[in-house]
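Colleague: Handing over data02.csv, CSV, C-alpha atoms.
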chain,number,residue,atom,x,y,z
O,1,MET,CA,-31.7,157.0,112.6
O,2,GLY,CA,-34.8,156.1,110.6
O,3,ILE,CA,-36.1,154.0,113.4
O,4,ILE,CA,-35.7,156.8,116.0
O,5,ALA,CA,-37.2,159.4,113.7
O,6,GLY,CA,-40.3,157.3,113.6
O,7,VAL,CA,-40.2,156.8,117.4
O,8,LEU,CA,-40.0,160.6,118.0
O,9,ASP,CA,-42.8,161.4,115.6
O,10,ALA,CA,-45.1,159.0,117.5
O,11,VAL,CA,-43.9,159.9,121.0
O,12,ASN,CA,-44.1,163.7,120.5
O,13,ALA,CA,-47.5,163.4,119.0
O,14,SER,CA,-48.8,161.3,121.9
O,15,ALA,CA,-47.3,163.5,124.5
O,16,ALA,CA,-48.8,166.6,122.8
O,17,ASP,CA,-52.2,164.9,122.7
O,18,ALA,CA,-52.0,164.2,126.4
O,19,GLY,CA,-51.1,167.9,127.1
O,20,ALA,CA,-47.7,166.9,128.5
O,21,LEU,CA,-45.1,169.5,129.4
O,22,ARG,CA,-42.3,167.2,128.6
O,23,VAL,CA,-41.4,163.5,128.1
O,24,LEU,CA,-39.5,161.9,130.9
O,25,ALA,CA,-38.9,158.5,129.5
O,26,VAL,CA,-39.5,156.4,126.4
O,27,ASN,CA,-39.8,152.6,126.8
O,28,LEU,CA,-38.9,150.6,123.7
O,29,ARG,CA,-39.1,146.8,123.2
O,30,VAL,CA,-36.3,145.7,120.8
O,31,GLY,CA,-36.0,142.2,119.5
O,32,ARG,CA,-32.6,140.5,119.6
O,33,MET,CA,-33.0,139.4,116.0
O,34,THR,CA,-33.4,142.9,114.6
O,35,GLU,CA,-30.5,145.1,113.5
O,36,ALA,CA,-31.2,147.8,116.0
O,37,ILE,CA,-28.1,148.5,118.1
O,38,PRO,CA,-28.7,149.9,121.6
O,39,ASP,CA,-25.9,152.4,121.5
O,40,ALA,CA,-26.9,153.7,118.1
O,41,LEU,CA,-30.5,154.1,119.2
O,42,THR,CA,-29.5,156.0,122.2
O,43,PHE,CA,-27.2,158.3,120.2
O,44,ALA,CA,-29.8,158.9,117.6
O,45,PHE,CA,-32.5,159.6,120.2
O,46,GLU,CA,-30.3,162.2,121.9
O,47,ALA,CA,-29.5,163.9,118.7
O,48,LEU,CA,-33.0,163.9,117.2
O,49,SER,CA,-34.9,164.8,120.3
O,50,GLU,CA,-33.1,168.1,120.8
O,51,GLY,CA,-35.5,171.0,120.7
O,52,THR,CA,-38.6,168.7,120.9
O,53,ILE,CA,-40.8,167.9,123.9
O,54,SER,CA,-38.7,164.7,124.3
O,55,GLU,CA,-35.4,166.5,124.8
O,56,GLY,CA,-33.6,165.1,127.9
O,57,ALA,CA,-36.0,162.1,128.2
O,58,GLU,CA,-34.4,158.7,129.1
O,59,LEU,CA,-34.5,156.0,126.4
O,60,VAL,CA,-35.2,152.7,128.1
O,61,LEU,CA,-34.6,149.6,126.0
O,62,GLU,CA,-36.1,146.2,126.8
O,63,ILE,CA,-34.3,143.6,124.7
O,64,VAL,CA,-36.7,140.8,123.8
O,65,GLU,CA,-34.9,137.4,123.5
O,66,PRO,CA,-35.8,135.2,120.6
O,67,THR,CA,-38.2,132.2,120.9
O,68,SER,CA,-39.3,129.9,118.2
O,69,PHE,CA,-42.0,127.2,117.7
O,70,CYS,CA,-41.2,123.9,116.0
O,71,LEU,CA,-43.6,123.0,113.3
O,72,GLU,CA,-42.6,119.3,113.4
O,73,CYS,CA,-42.9,118.5,117.1
O,74,GLY,CA,-44.7,121.5,118.5
O,75,SER,CA,-42.1,122.4,121.1
O,76,GLU,CA,-41.5,126.0,122.0
O,77,PHE,CA,-37.9,127.0,122.7
O,78,SER,CA,-35.6,130.0,123.3
O,79,HIS,CA,-32.4,130.4,121.3
O,80,ASP,CA,-29.6,132.8,120.4
O,81,ARG,CA,-29.4,134.9,117.4
O,82,PHE,CA,-27.8,132.3,115.2
O,83,HIS,CA,-29.4,128.9,115.8
O,84,ARG,CA,-33.1,128.3,115.2
O,85,ILE,CA,-32.9,124.5,114.9
O,86,CYS,CA,-35.4,122.7,117.2
O,87,PRO,CA,-33.4,121.4,120.2
O,88,ASN,CA,-36.0,118.7,120.8
O,89,CYS,CA,-36.2,117.0,117.4
O,90,GLY,CA,-33.5,118.7,115.3
O,91,SER,CA,-36.0,120.1,112.7
O,92,TYR,CA,-35.3,123.2,110.6
O,93,GLU,CA,-39.0,123.8,110.2
O,94,THR,CA,-39.4,126.5,112.9
O,95,THR,CA,-41.2,129.8,113.2
O,96,LEU,CA,-40.0,132.7,115.1
O,97,LEU,CA,-42.5,133.7,117.9
O,98,SER,CA,-40.6,136.7,119.3
O,99,GLY,CA,-37.3,138.4,118.8
O,100,ARG,CA,-38.1,140.8,115.9
O,101,GLU,CA,-40.0,143.4,118.0
O,102,LEU,CA,-39.5,147.1,117.4
O,103,GLU,CA,-42.2,148.6,119.5
O,104,ILE,CA,-42.9,151.7,121.6
O,105,ALA,CA,-44.2,150.1,124.8
O,106,SER,CA,-45.0,153.3,126.7
O,107,ILE,CA,-43.8,156.7,127.6
O,108,GLU,CA,-43.6,158.7,130.9
O,109,VAL,CA,-44.7,162.3,130.7
O,110,ASP,CA,-44.9,165.3,133.0
O,111,LEU,CA,-48.4,166.8,133.0
O,112,PRO,CA,-49.1,170.4,134.1
O,113,ASP,CA,-51.5,169.4,137.0
O,114,GLU,CA,-49.2,166.8,138.5
O,115,GLU,CA,-47.4,167.7,141.6
P,1,MET,CA,-47.8,159.8,134.1
P,2,ARG,CA,-47.4,156.7,132.0
P,3,ILE,CA,-49.0,156.5,128.6
P,4,ASP,CA,-49.2,153.0,127.2
P,5,MET,CA,-48.6,153.0,123.5
P,6,HIS,CA,-47.8,149.4,122.3
P,7,LYS,CA,-47.1,150.9,118.9
P,8,PRO,CA,-44.9,149.1,116.3
P,9,ILE,CA,-42.2,151.6,115.4
P,10,LEU,CA,-42.2,150.6,111.7
P,11,GLU,CA,-46.0,150.7,111.5
P,12,LYS,CA,-46.0,153.4,108.8
P,13,ASN,CA,-43.4,151.5,106.7
P,14,ASP,CA,-45.3,148.2,107.1
P,15,ALA,CA,-48.6,149.8,106.1
P,16,ILE,CA,-47.2,151.2,102.9
P,17,ALA,CA,-45.5,147.9,102.2
P,18,ALA,CA,-48.8,146.0,102.7
P,19,GLU,CA,-50.4,148.4,100.2
P,20,LEU,CA,-47.6,147.8,97.7
P,21,ARG,CA,-47.9,144.1,98.1
P,22,ARG,CA,-51.6,144.2,97.3
P,23,ARG,CA,-50.9,146.3,94.1
P,24,PHE,CA,-48.1,143.8,93.0
P,25,ALA,CA,-50.5,140.9,93.5
P,26,GLU,CA,-53.3,142.6,91.6
P,27,ASP,CA,-51.1,143.3,88.6
P,28,HIS,CA,-49.3,139.9,88.9
P,29,VAL,CA,-45.9,141.5,89.2
P,30,TYR,CA,-43.1,139.7,91.1
P,31,VAL,CA,-40.8,141.9,93.1
P,32,VAL,CA,-37.4,140.8,94.3
P,33,ASP,CA,-35.4,143.0,96.7
P,34,LEU,CA,-31.6,142.5,96.3
P,35,LEU,CA,-29.5,143.1,99.4
P,36,ALA,CA,-25.7,143.2,99.3
P,37,SER,CA,-22.6,145.2,100.2
P,38,PRO,CA,-21.2,147.9,98.0
P,39,GLY,CA,-19.0,146.3,95.3
P,40,SER,CA,-20.4,142.8,95.6
P,41,GLY,CA,-21.7,142.9,92.0
P,42,LYS,CA,-25.3,143.8,92.4
P,43,THR,CA,-25.6,145.7,89.2
P,44,SER,CA,-23.6,143.0,87.2
P,45,THR,CA,-25.9,140.3,88.7
P,46,ILE,CA,-28.9,142.3,87.6
P,47,LEU,CA,-27.5,142.7,84.1
P,48,ALA,CA,-26.8,139.0,83.9
P,49,THR,CA,-30.3,138.2,85.2
P,50,ILE,CA,-31.9,140.6,82.6
P,51,ASP,CA,-29.9,138.8,79.9
P,52,ALA,CA,-31.2,135.4,81.0
P,53,LEU,CA,-34.9,136.4,81.4
P,54,ARG,CA,-35.6,139.3,79.1
P,55,ASP,CA,-37.1,137.1,76.4
P,56,GLU,CA,-39.5,135.6,78.8
P,57,PHE,CA,-40.6,138.5,81.0
P,58,ASN,CA,-41.1,142.3,80.9
P,59,ILE,CA,-38.6,143.5,83.5
P,60,ALA,CA,-38.0,146.8,85.2
P,61,VAL,CA,-35.3,147.8,87.7
P,62,ILE,CA,-35.4,150.1,90.7
P,63,GLU,CA,-32.0,151.3,91.8
P,64,GLY,CA,-31.5,152.5,95.4
P,65,ASP,CA,-28.4,154.5,96.0
P,66,ILE,CA,-27.4,157.2,98.3
P,67,ALA,CA,-26.5,159.5,95.3
P,68,SER,CA,-26.0,159.4,91.5
P,69,SER,CA,-27.8,157.6,88.7
P,70,VAL,CA,-24.8,155.6,87.2
P,71,ASP,CA,-26.5,152.3,87.9
P,72,ALA,CA,-29.8,153.2,86.4
P,73,GLU,CA,-28.0,154.5,83.3
P,74,LYS,CA,-26.3,151.1,82.9
P,75,ILE,CA,-29.7,149.3,83.0
P,76,LYS,CA,-31.3,151.8,80.7
P,77,ALA,CA,-28.5,151.2,78.2
P,78,GLN,CA,-29.9,147.6,77.9
P,79,GLY,CA,-33.3,149.0,76.9
P,80,ILE,CA,-34.9,148.1,80.3
P,81,PRO,CA,-36.9,150.7,82.2
P,82,ALA,CA,-35.0,151.8,85.3
P,83,VAL,CA,-35.9,154.2,88.1
P,84,GLN,CA,-33.3,155.7,90.3
P,85,ILE,CA,-34.1,156.4,94.0
P,86,ASN,CA,-31.6,158.6,95.7
P,87,THR,CA,-32.0,158.1,99.4
P,88,GLY,CA,-30.0,161.3,100.2
P,89,GLY,CA,-27.9,159.7,102.8
P,90,ALA,CA,-30.3,157.0,104.2
P,91,CYS,CA,-28.6,153.6,104.3
P,92,HIS,CA,-31.6,151.6,103.2
P,93,LEU,CA,-34.8,151.8,101.1
P,94,GLU,CA,-38.1,152.4,102.9
P,95,SER,CA,-41.5,151.5,101.5
P,96,ALA,CA,-42.5,155.1,100.9
P,97,MET,CA,-39.5,155.6,98.7
P,98,LEU,CA,-40.3,152.5,96.7
P,99,LYS,CA,-43.9,153.6,96.3
P,100,ARG,CA,-42.8,156.8,94.6
P,101,ALA,CA,-40.7,154.8,92.2
P,102,ILE,CA,-43.5,152.3,91.5
P,103,ASP,CA,-45.8,155.2,90.7
P,104,VAL,CA,-43.8,156.1,87.6
P,105,LEU,CA,-43.8,152.4,86.3
P,106,ASP,CA,-46.5,150.8,84.2
P,107,LEU,CA,-47.2,147.8,86.6
P,108,GLU,CA,-49.8,146.3,84.2
P,109,ARG,CA,-47.3,145.5,81.5
P,110,LEU,CA,-44.5,144.3,83.9
P,111,ASP,CA,-43.8,140.7,85.1
P,112,LEU,CA,-40.7,141.3,87.2
P,113,ILE,CA,-39.3,144.2,89.2
P,114,ILE,CA,-35.8,143.9,90.5
P,115,VAL,CA,-35.1,146.3,93.4
P,116,GLU,CA,-31.4,147.0,94.1
P,117,ASN,CA,-31.3,148.1,97.7
P,118,VAL,CA,-28.6,150.4,99.1
P,119,GLY,CA,-25.3,148.6,99.5
P,120,ASN,CA,-25.5,147.6,103.1
P,121,LEU,CA,-25.9,144.2,104.9
P,122,VAL,CA,-27.5,145.7,108.0
P,123,CYS,CA,-30.3,148.2,107.8
P,124,PRO,CA,-32.3,147.0,104.8
P,125,THR,CA,-33.1,143.7,106.6
P,126,ASP,CA,-35.6,145.4,109.0
P,127,PHE,CA,-37.6,147.2,106.3
P,128,ASP,CA,-40.4,145.5,104.5
P,129,LEU,CA,-40.9,146.9,101.0
P,130,GLY,CA,-43.9,144.7,100.0
P,131,GLU,CA,-41.5,142.5,97.9
P,132,ASN,CA,-42.2,138.9,97.2
P,133,SER,CA,-38.7,137.9,98.2
P,134,LYS,CA,-35.5,139.2,99.5
P,135,VAL,CA,-32.3,137.8,98.0
P,136,MET,CA,-28.8,138.6,99.1
P,137,ILE,CA,-25.6,138.6,97.2
P,138,LEU,CA,-22.3,138.0,98.8
P,139,SER,CA,-19.1,138.1,96.7
P,140,VAL,CA,-16.1,135.8,97.3
P,141,PRO,CA,-13.6,138.7,98.1
P,142,GLU,CA,-15.8,139.7,101.1
P,143,GLY,CA,-14.9,136.5,102.9
P,144,ASP,CA,-16.5,133.3,104.0
P,145,ASP,CA,-17.1,134.6,107.6
P,146,LYS,CA,-19.8,137.0,106.7
P,147,PRO,CA,-22.7,134.8,107.8
P,148,LEU,CA,-21.2,134.9,111.3
P,149,LYS,CA,-20.8,138.7,111.2
P,150,TYR,CA,-24.1,139.7,109.6
P,151,PRO,CA,-26.6,136.9,110.6
P,152,GLY,CA,-29.7,139.1,110.1
P,153,VAL,CA,-29.4,139.5,106.3
P,154,PHE,CA,-28.8,135.7,105.8
P,155,GLN,CA,-31.9,135.0,107.9
P,156,VAL,CA,-34.3,137.2,106.1
P,157,SER,CA,-33.2,136.2,102.6
P,158,ASP,CA,-35.1,133.6,100.6
P,159,ALA,CA,-32.0,132.8,98.5
P,160,VAL,CA,-28.3,133.5,98.7
P,161,ILE,CA,-26.2,134.3,95.6
P,162,LEU,CA,-22.5,133.8,96.0
P,163,ASN,CA,-20.9,136.0,93.3
P,164,LYS,CA,-17.4,136.2,91.8
P,165,ILE,CA,-16.7,132.5,92.2
P,166,ASP,CA,-14.2,132.9,89.4
P,167,THR,CA,-11.9,134.7,92.0
P,168,MET,CA,-12.0,131.8,94.5
P,169,PRO,CA,-8.5,130.7,93.6
P,170,VAL,CA,-7.1,134.1,94.5
P,171,PHE,CA,-9.0,134.6,97.8
P,172,ASP,CA,-8.8,132.1,100.6
P,173,PHE,CA,-12.5,131.4,100.6
P,174,ASP,CA,-13.8,128.2,102.3
P,175,ARG,CA,-16.9,127.4,100.3
P,176,ASP,CA,-17.9,124.5,102.5
P,177,ALA,CA,-17.6,126.5,105.7
P,178,PHE,CA,-19.6,129.3,104.0
P,179,CYS,CA,-22.4,127.0,102.9
P,180,ALA,CA,-22.6,125.3,106.3
P,181,ALA,CA,-22.8,128.7,108.1
P,182,VAL,CA,-25.6,129.8,105.8
P,183,ARG,CA,-27.5,126.5,106.3
P,184,ASP,CA,-27.2,127.0,110.1
P,185,LEU,CA,-28.8,130.4,109.9
P,186,ASN,CA,-31.3,129.7,107.1
P,187,PRO,CA,-31.7,126.0,106.2
P,188,LYS,CA,-34.4,126.7,103.6
P,189,ALA,CA,-32.5,129.2,101.4
P,190,PRO,CA,-30.9,127.9,98.3
P,191,ILE,CA,-27.3,129.0,97.5
P,192,PHE,CA,-26.4,130.0,93.9
P,193,PRO,CA,-22.7,130.2,93.1
P,194,ILE,CA,-22.3,132.5,90.1
P,195,ALA,CA,-19.8,134.7,88.3
P,196,ALA,CA,-22.1,137.4,87.0
P,197,THR,CA,-19.7,139.0,84.5
P,198,LYS,CA,-18.9,135.6,82.9
P,199,GLY,CA,-22.3,134.1,83.1
P,200,ASP,CA,-21.3,131.1,85.2
P,201,GLY,CA,-24.1,129.7,87.3
P,202,VAL,CA,-26.6,132.4,86.2
P,203,GLU,CA,-28.9,129.9,84.6
P,204,GLU,CA,-29.7,128.1,87.9
P,205,TRP,CA,-30.4,131.3,89.7
P,206,ALA,CA,-32.5,132.7,86.8
P,207,SER,CA,-34.6,129.6,86.6
P,208,TRP,CA,-35.3,129.7,90.3
P,209,LEU,CA,-36.4,133.3,89.9
P,210,ALA,CA,-38.4,132.5,86.7
P,211,GLU,CA,-40.4,129.7,88.4
P,212,ARG,CA,-41.4,132.2,91.1
P,213,VAL,CA,-42.3,134.9,88.6
P,214,HIS,CA,-44.6,132.4,86.8
P,215,SER,CA,-46.3,131.6,90.1
P,216,VAL,CA,-47.8,135.1,90.7
What is this file in structure tokens?

Modeller:
Amino acid sequence: MGIIAGVLDAVNASAADAGALRVLAVNLRVGRMTEAIPDALTFAFEALSEGTISEGAELVLEIVEPTSFCLECGSEFSHDRFHRICPNCGSYETTLLSGRELEIASIEVDLPDEE
Amino acid sequence: MRIDMHKPILEKNDAIAAELRRRFAEDHVYVVDLLASPGSGKTSTILATIDALRDEFNIAVIEGDIASSVDAEKIKAQGIPAVQINTGGACHLESAMLKRAIDVLDLERLDLIIVENVGNLVCPTDFDLGENSKVMILSVPEGDDKPLKYPGVFQVSDAVILNKIDTMPVFDFDRDAFCAAVRDLNPKAPIFPIAATKGDGVEEWASWLAERVHSV
């Protein structure tokens, strides 16, 4: 809910700035390692967008799979949510490169002069 | 028409958290954010920590709850400043809420602020509060399988407190399996087994924290 409230504030402001009549789609990038749950995001979006310029817009979620970098051997590897040990050298000293994204990538809007 | 935004959703939260982090550093205050389920013994752990460290440091506590101020009252009864944040239904603290609580504290005379987040193992993990460390508490009755069910909170925590170890004979809790699962998710985090209400193990946890408070 908190996440989607922030999304709608930003999206509605950007759409209004662009002079849009309505928002058709909102494209989010969501990292696998965050606690954001797609169904919950969609539900919150439908509930909170009601009565705003974003009502009826489609929420499109791109799930970003985690990748990490090994500080010991320098290899870059993708992994699941649970295991971040370097598959190459077995080191625990790894840094997450992607997988914690929570980002509004873009929005699709209807403009008055578009036909 | 497509409008590219590339906007981090938690930008506002992260900006306030960064500002808080600067203020904490300026005043040499160490801030620890405690994450745990309801009933895992967060407040008892805080009381035991206060007992262990109150002679060494000036401590304040910020209590995050959906409603009521019962926890803050317990802390105040110990003569420790406590601020209650009622989130009014929100399942986690956000940096703007913490900022309002910080504004009523005298940061200059404090060494350590313990933040008790809302009882929840999910939502608080994604919200930066400007804290120096996040520490999670799991209690034995919750079960040894929690690292598998809630990996996120174990991954963002700098230390894991295993509370209520005095109840281990009653619950079928596999301590080795628990520790192995935590190590898999977060090899760097130390695990502190404690019984907060009895004082067992509190010294190890308190000295880990004290070392960090001294370093800021």

Colleague: Kindly assemble as JSON lines a list of the stretch 107-205 of chain P residues that lie within 12 Å of stretch 93-96 of chain O, each paired with its nearest atom pair and their distance in Å to one decimal, using all atoms listed in the file, sorted first by chain and then by ascending residue number.

Modeller:
{"residue": "P:Gln155", "atom": "CA", "partner": "O:Leu96", "partner_atom": "CA", "distance": 11.1}
{"residue": "P:Val156", "atom": "CA", "partner": "O:Leu96", "partner_atom": "CA", "distance": 11.6}
{"residue": "P:Leu185", "atom": "CA", "partner": "O:Thr94", "partner_atom": "CA", "distance": 11.7}
{"residue": "P:Asn186", "atom": "CA", "partner": "O:Glu93", "partner_atom": "CA", "distance": 10.2}
{"residue": "P:Pro187", "atom": "CA", "partner": "O:Glu93", "partner_atom": "CA", "distance": 8.6}
{"residue": "P:Lys188", "atom": "CA", "partner": "O:Glu93", "partner_atom": "CA", "distance": 8.6}

Colleague: Just give me the residues with any atom within 9 Å of (-42.3, 156.6, 117.3), file coordinates, counting all atoms listed in the file, written as a PyMOL selection string.

Modeller: (chain O and resi 3-13+103-104) or (chain P and resi 7-10)

Colleague: What is the distance, in Å and to one decimal place, between atom CA of O:Ile107 and atom CA of O:Phe45?

Modeller: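 Spanning atom CA of O:Ile107 to atom CA of O:Phe45 is a straight-line distance of 13.8 Å.
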
Colleague: Mind listing as a PyMOL selection string which residues of chain O are within 10 Å of chain P, counting only C-alpha atoms?

Modeller: chain O and resi 1-11+14-15+18+20+23-30+33-36+81-85+91-93+100-111+114

Colleague: I need the residues from that last selection saved to file as a tab-separated table (two decimals), in the coordinates of the input (with C-alpha atoms), if you can.

Modeller:
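What landed in again_31.tsv:
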chain	number	residue	atom	x	y	z
O	1	MET	CA	-31.70	157.00	112.60
O	2	GLY	CA	-34.80	156.10	110.60
O	3	ILE	CA	-36.10	154.00	113.40
O	4	ILE	CA	-35.70	156.80	116.00
O	5	ALA	CA	-37.20	159.40	113.70
O	6	GLY	CA	-40.30	157.30	113.60
O	7	VAL	CA	-40.20	156.80	117.40
O	8	LEU	CA	-40.00	160.60	118.00
O	9	ASP	CA	-42.80	161.40	115.60
O	10	ALA	CA	-45.10	159.00	117.50
O	11	VAL	CA	-43.90	159.90	121.00
O	14	SER	CA	-48.80	161.30	121.90
O	15	ALA	CA	-47.30	163.50	124.50
O	18	ALA	CA	-52.00	164.20	126.40
O	20	ALA	CA	-47.70	166.90	128.50
O	23	VAL	CA	-41.40	163.50	128.10
O	24	LEU	CA	-39.50	161.90	130.90
O	25	ALA	CA	-38.90	158.50	129.50
O	26	VAL	CA	-39.50	156.40	126.40
O	27	ASN	CA	-39.80	152.60	126.80
O	28	LEU	CA	-38.90	150.60	123.70
O	29	ARG	CA	-39.10	146.80	123.20
O	30	VAL	CA	-36.30	145.70	120.80
O	33	MET	CA	-33.00	139.40	116.00
O	34	THR	CA	-33.40	142.90	114.60
O	35	GLU	CA	-30.50	145.10	113.50
O	36	ALA	CA	-31.20	147.80	116.00
O	81	ARG	CA	-29.40	134.90	117.40
O	82	PHE	CA	-27.80	132.30	115.20
O	83	HIS	CA	-29.40	128.90	115.80
O	84	ARG	CA	-33.10	128.30	115.20
O	85	ILE	CA	-32.90	124.50	114.90
O	91	SER	CA	-36.00	120.10	112.70
O	92	TYR	CA	-35.30	123.20	110.60
O	93	GLU	CA	-39.00	123.80	110.20
O	100	ARG	CA	-38.10	140.80	115.90
O	101	GLU	CA	-40.00	143.40	118.00
O	102	LEU	CA	-39.50	147.10	117.40
O	103	GLU	CA	-42.20	148.60	119.50
O	104	ILE	CA	-42.90	151.70	121.60
O	105	ALA	CA	-44.20	150.10	124.80
O	106	SER	CA	-45.00	153.30	126.70
O	107	ILE	CA	-43.80	156.70	127.60
O	108	GLU	CA	-43.60	158.70	130.90
O	109	VAL	CA	-44.70	162.30	130.70
O	110	ASP	CA	-44.90	165.30	133.00
O	111	LEU	CA	-48.40	166.80	133.00
O	114	GLU	CA	-49.20	166.80	138.50

Colleague: In the coordinate frame of the file, compute which residues have an atom within 10 Å of (-31.5, 159.1, 93.6) when using all atoms listed in the file, and state them as a PyMOL selection string.

Modeller: chain P and resi 63-70+72+83-89

Colleague: Write out as a VMD selection string each polymer residue whose atoms come within 10 Å of P:Ile46, counting only C-alpha atoms; drop sequence neighbours fewer than 5 positions from it.

Modeller: chain P and resid 34 41 51 to 52 61 75 114 to 116 196

Colleague: Just checking: using all atoms listed in the file, which residue out of P:Val213, P:Leu20, P:Leu162, P:Cys179 ends up closest to P:Phe192?

Modeller: P:Leu162

Colleague: Report, in Å to a single decimal, how far apart atom CA of P:Val170 and atom CA of P:Ala36 are.

Modeller: 21.3 Å

Colleague: Figure out the distance between atom CA of O:Thr42 and atom CA of P:Val118, please, to one decimal in Å.

Modeller: 23.8 Å

Colleague: Regenerate stretch 71-83 of chain O at the level of N, CA and C atoms and dump it as a CSV table (one decimal), in the frame of the given file.

Modeller:
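Saved the output as out00.csv:
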chain,number,residue,atom,x,y,z
O,71,LEU,N,-42.5,123.4,114.0
O,71,LEU,CA,-43.6,123.0,113.3
O,71,LEU,C,-43.7,121.5,113.2
O,72,GLU,N,-42.6,120.8,113.5
O,72,GLU,CA,-42.6,119.3,113.4
O,72,GLU,C,-43.1,118.7,114.7
O,73,CYS,N,-42.5,119.1,115.8
O,73,CYS,CA,-42.9,118.5,117.1
O,73,CYS,C,-43.6,119.4,118.1
O,74,GLY,N,-43.8,120.6,117.7
O,74,GLY,CA,-44.7,121.5,118.5
O,74,GLY,C,-44.0,122.1,119.7
O,75,SER,N,-42.7,121.9,119.9
O,75,SER,CA,-42.1,122.4,121.1
O,75,SER,C,-41.8,123.9,120.9
O,76,GLU,N,-41.8,124.6,122.0
O,76,GLU,CA,-41.5,126.0,122.0
O,76,GLU,C,-40.1,126.2,122.7
O,77,PHE,N,-39.2,126.9,122.1
O,77,PHE,CA,-37.9,127.0,122.7
O,77,PHE,C,-37.2,128.4,122.5
O,78,SER,N,-36.4,128.8,123.5
O,78,SER,CA,-35.6,130.0,123.3
O,78,SER,C,-34.3,129.7,122.7
O,79,HIS,N,-33.7,130.6,122.0
O,79,HIS,CA,-32.4,130.4,121.3
O,79,HIS,C,-31.6,131.6,121.2
O,80,ASP,N,-30.4,131.5,120.7
O,80,ASP,CA,-29.6,132.8,120.4
O,80,ASP,C,-29.9,133.3,119.0
O,81,ARG,N,-29.1,134.3,118.6
O,81,ARG,CA,-29.4,134.9,117.4
O,81,ARG,C,-29.2,134.0,116.2
O,82,PHE,N,-28.3,133.0,116.4
O,82,PHE,CA,-27.8,132.3,115.2
O,82,PHE,C,-28.5,131.0,115.0
O,83,HIS,N,-29.0,130.3,116.0
O,83,HIS,CA,-29.4,128.9,115.8
O,83,HIS,C,-30.9,128.8,116.1
